[in-house]
Amino acid sequence: MLTHAALCVYLTDVLLSKGGASSTLSRMLGQRVRQFGEKLVRRRPLEPRNESEIPTPHLNSFSLVVFGVNRTLRVGVYILAGSVAVYVAGPGIIVSLVVAGLFALLSGFYFAEFGARVPCCGSVYLFSYVTMGQLYAFITGWTLILHFVLATAYLTRAWSYTFDSLIGNHISQKLEGTFSEHMPSFLAPYPDFVALALVLLMAGLLILGVHDSALVSKVSTGVNVLLLSFMILSGFIKGDLHNWQLTEQDYKLAASGSNDTSSLGPLGSGGFVPFGFEGILRGAAMPFYSYFGLNAIITTGRETPNPQRSIPWSIGIIISICFLAYSGVSAALTLMVPYYQMHPYSPLPQAFHHVGWAPAGYFVAVVILCALFYSLLLVKLSMSRLICAMAEDGLLFRGLGKIYARRGTPIVAILVSATLSGITALLFEIFRVVELMSVGALFVYFLVTFSVLVLRYQPDQSFSKKEKVEEEIEMEPIVEGNPSPSVPEAGTSNPLKSLWDPVSTIPTLKSGQIVYGCAFLLVLLLTILSLLLALWPSQVFSGDPGFTAGAVLLLLLIAGITAIIWRQPQNPSPLPFRVPALPVLPVLSIFVNVYLMMQMYSVTWAQFGIWNIVGLATYFEYGIRHSLELKRDPQPPTFTSQTQDEHTLGAESS
């Protein structure tokens, strides 16, 4: 216990050193915050590759287009066309697909530049980790996992509905009404045990080592083309143009001739666009996920002799082919059957039964079952590989990435993904699953577009592990030497002037930070504008003083911030492909992306928010502490001699 005199001396010393200790503690706190921020943006270095590991060009543009069509053209959208036409867009689904196709074309170009920045093959998750940092990569990977889980549930549900229609709807009739009518709207009318069994069957096949092959891929492409051709031709033969001009009288006749009026969908206002402009936009947002296979073109395009020309041209051709296919099938469906009489989840077989071609309906159902099974295999393979990659990097639990030597398969990752997908397929309503899946796909496209916007204005990045080590060695004497006053970057004397008139003609650290800040502010303003237009469109366009003035003010702020980004120097480093018209085109794409996401219901956003909260909790509780990057760079940050003395003093004072 201290004596009275010793206590007085101690208190005097504390009071005399109060200013110095407070300064030291604040410096330590700032240093901790900086170290925490550095962990969030820590980029993954690439291992240097030998020349023998670099793929030699062996593909031409035609082969790239065939590969892209096979990866992008999925039969699942034909199932979705029924529900979108019945509840959302009517025959106007064709216009919705035009909007989705144009936006997917722009998004494909962003994928092309994003992948061109990284000199290796990989996924969007890997590219995000290498260029944008750890937290950005985790958010991207976590969203992709959600997309794959929902895609699995959606495909198995679609397979179950198609199989049920093939056997006379006995399963749905037996299980209908299992759940109470007062259950939440996102739950299905009955538990789909067929979908659950299919998820478990696929998981078992993957554990046994089943994988994709070139022969199966070619057969699947041929099946898709056969189904498309037959469906479109049937629409021209048995279609009726009157089904694009339906009226209330037609709806009453259909209701009077039906034993079950509840099976009819809503009429809307009639005509070609019965649900108006809002239905067109919601109809464009929902099937947007069907173009998600474009990211496979990024890495495959590197194997062509001229990627700068092959990748953008191939993306444009692939989008055009998929649009023609999707719109052709949708046109055939809406011509053959009035949109309010379509079966929401088994439209193609039912359409042939409606026009009196029952044998063709059974044939189409069998073809769809085979095509859906192959699509499900690809989705499950992609999901297990992504989970393994994130587990190997330490961002997810490392046990998920464990490979069992006997089969060479990640059993834990497969079982966990099958559990999530199985529960979703068993309980969730397929329409809500598609909405949530579309939000995830649009969010990934937003992340890629944002990355392209900010990376174009950043200084050169070194992706190789060897280059990063050399940079640290070169900088080490500067960091550890005697402290000297830092030389301010050119133009820092007048920060406002540097926003519009940067001194340097090449990107610097300061100009890159300006673009980062402006880009985040743009996203915030575009989100507010999208909410305004989505929730109160009539007030904005009718001239309401408050809403119209708010929208105009937001547009002026967005234009001003875009101009500031435009004035910053771009990185002149050559790339295989560069998106034109920066920053205007990315800003426009981000706005359309966010606006399409705002078309979804609030329940869908609540589910998406819960998923991301769970993901961020996982990252900050586990991933940030077990990241492989911490083991790759275990050295603690170095301090100058003055900082080390202050750090010691602060520790003793505390």
# chains A, B, ... in the order shown; residues from 1 in each chain; ligands from 1

$ residues_around --residues "A:Leu80" --least-positions-apart "5" --cutoff "9 Å" --atoms "only C-alpha atoms" --output "list in words"
Ala85, Ala158, Met286, Pro287, Pro344, Tyr345, Ser346, Pro347, Phe431 and Val434 of chain A

$ write_last_selection --atoms "N, CA and C atoms" --output "mmCIF file, in the first residue's frame"
data_model
loop_
_atom_site.group_PDB
_atom_site.id
_atom_site.type_symbol
_atom_site.label_atom_id
_atom_site.label_comp_id
_atom_site.auth_asym_id
_atom_site.auth_seq_id
_atom_site.Cartn_x
_atom_site.Cartn_y
_atom_site.Cartn_z
ATOM 1 N N ALA A 85 -44.694 -13.562 -66.235
ATOM 2 C CA ALA A 85 -45.795 -13.152 -67.108
ATOM 3 C C ALA A 85 -47.118 -13.106 -66.356
ATOM 4 N N ALA A 158 -38.068 -25.965 -59.464
ATOM 5 C CA ALA A 158 -38.554 -26.009 -60.846
ATOM 6 C C ALA A 158 -38.597 -27.449 -61.357
ATOM 7 N N MET A 286 -36.106 -9.375 -62.305
ATOM 8 C CA MET A 286 -36.202 -10.754 -61.840
ATOM 9 C C MET A 286 -35.442 -11.751 -62.704
ATOM 10 N N PRO A 287 -35.526 -11.714 -64.055
ATOM 11 C CA PRO A 287 -34.753 -12.691 -64.832
ATOM 12 C C PRO A 287 -33.318 -12.261 -65.093
ATOM 13 N N PRO A 344 -47.828 -20.923 -63.324
ATOM 14 C CA PRO A 344 -46.699 -20.068 -62.963
ATOM 15 C C PRO A 344 -45.350 -20.779 -62.973
ATOM 16 N N TYR A 345 -45.332 -22.085 -62.655
ATOM 17 C CA TYR A 345 -44.043 -22.747 -62.463
ATOM 18 C C TYR A 345 -43.825 -23.939 -63.389
ATOM 19 N N SER A 346 -44.773 -24.196 -64.262
ATOM 20 C CA SER A 346 -44.581 -25.222 -65.288
ATOM 21 C C SER A 346 -45.257 -24.756 -66.578
ATOM 22 N N PRO A 347 -44.812 -23.618 -67.117
ATOM 23 C CA PRO A 347 -45.558 -22.999 -68.225
ATOM 24 C C PRO A 347 -45.426 -23.726 -69.548
ATOM 25 N N PHE A 431 -41.193 -18.089 -56.064
ATOM 26 C CA PHE A 431 -41.187 -16.717 -56.560
ATOM 27 C C PHE A 431 -40.341 -15.820 -55.666
ATOM 28 N N VAL A 434 -36.637 -16.522 -56.262
ATOM 29 C CA VAL A 434 -36.130 -15.856 -57.467
ATOM 30 C C VAL A 434 -35.883 -14.376 -57.198
#

$ residues_around --residues "A:Gly271" --least-positions-apart "6" --cutoff "10 Å" --atoms "only C-alpha atoms" --output "JSON, numbers by chain"
{"A": [90, 91, 92, 242, 243, 244, 245, 246, 247, 248]}

$ closest_residue --among "A:Tyr154, A:Trp142, A:Phe547, A:Tyr339" --to "A:Ala351" --atoms "only C-alpha atoms"
A:Tyr339

$ residues_around --residues "stretch 94-102 of chain A" --least-positions-apart "5" --cutoff "7 Å" --atoms "only C-alpha atoms" --output "PyMOL selection string"
chain A and resi 280-281+283-285+288+319+323+327+330-331

$ atom_distance --atom1 "atom CA of A:Leu241" --atom2 "atom CA of A:Tyr161"
28.2 Å

$ closest_residue --among "A:Ser63, A:Ser421, A:Ser382, A:Ser234" --to "A:Gly328" --atoms "only C-alpha atoms"
A:Ser234

$ atom_distance --atom1 "atom CA of A:Leu377" --atom2 "atom CA of A:Cys322"
20.6 Å

$ residues_around --residues "stretch 196-209 of chain A" --least-positions-apart "4" --cutoff "12 Å" --atoms "only C-alpha atoms" --output "number ranges by chain"
A: 149-160, 163, 191-192, 369, 372-385, 403-428

$ atom_distance --atom1 "atom CA of A:Ser83" --atom2 "atom CA of A:Gln341"
10.8 Å

$ closest_residue --among "A:Leu64, A:Ile79, A:Leu253, A:Ile564" --to "A:Pro312" --atoms "only C-alpha atoms"
A:Leu64

$ select_by_dssp --residues "stretch 317-448 of chain A" --states "helix (DSSP H, G or I)" --output "PyMOL selection string"
chain A and resi 317-336+339-341+347-354+358-392+398-401+411-427+430-448
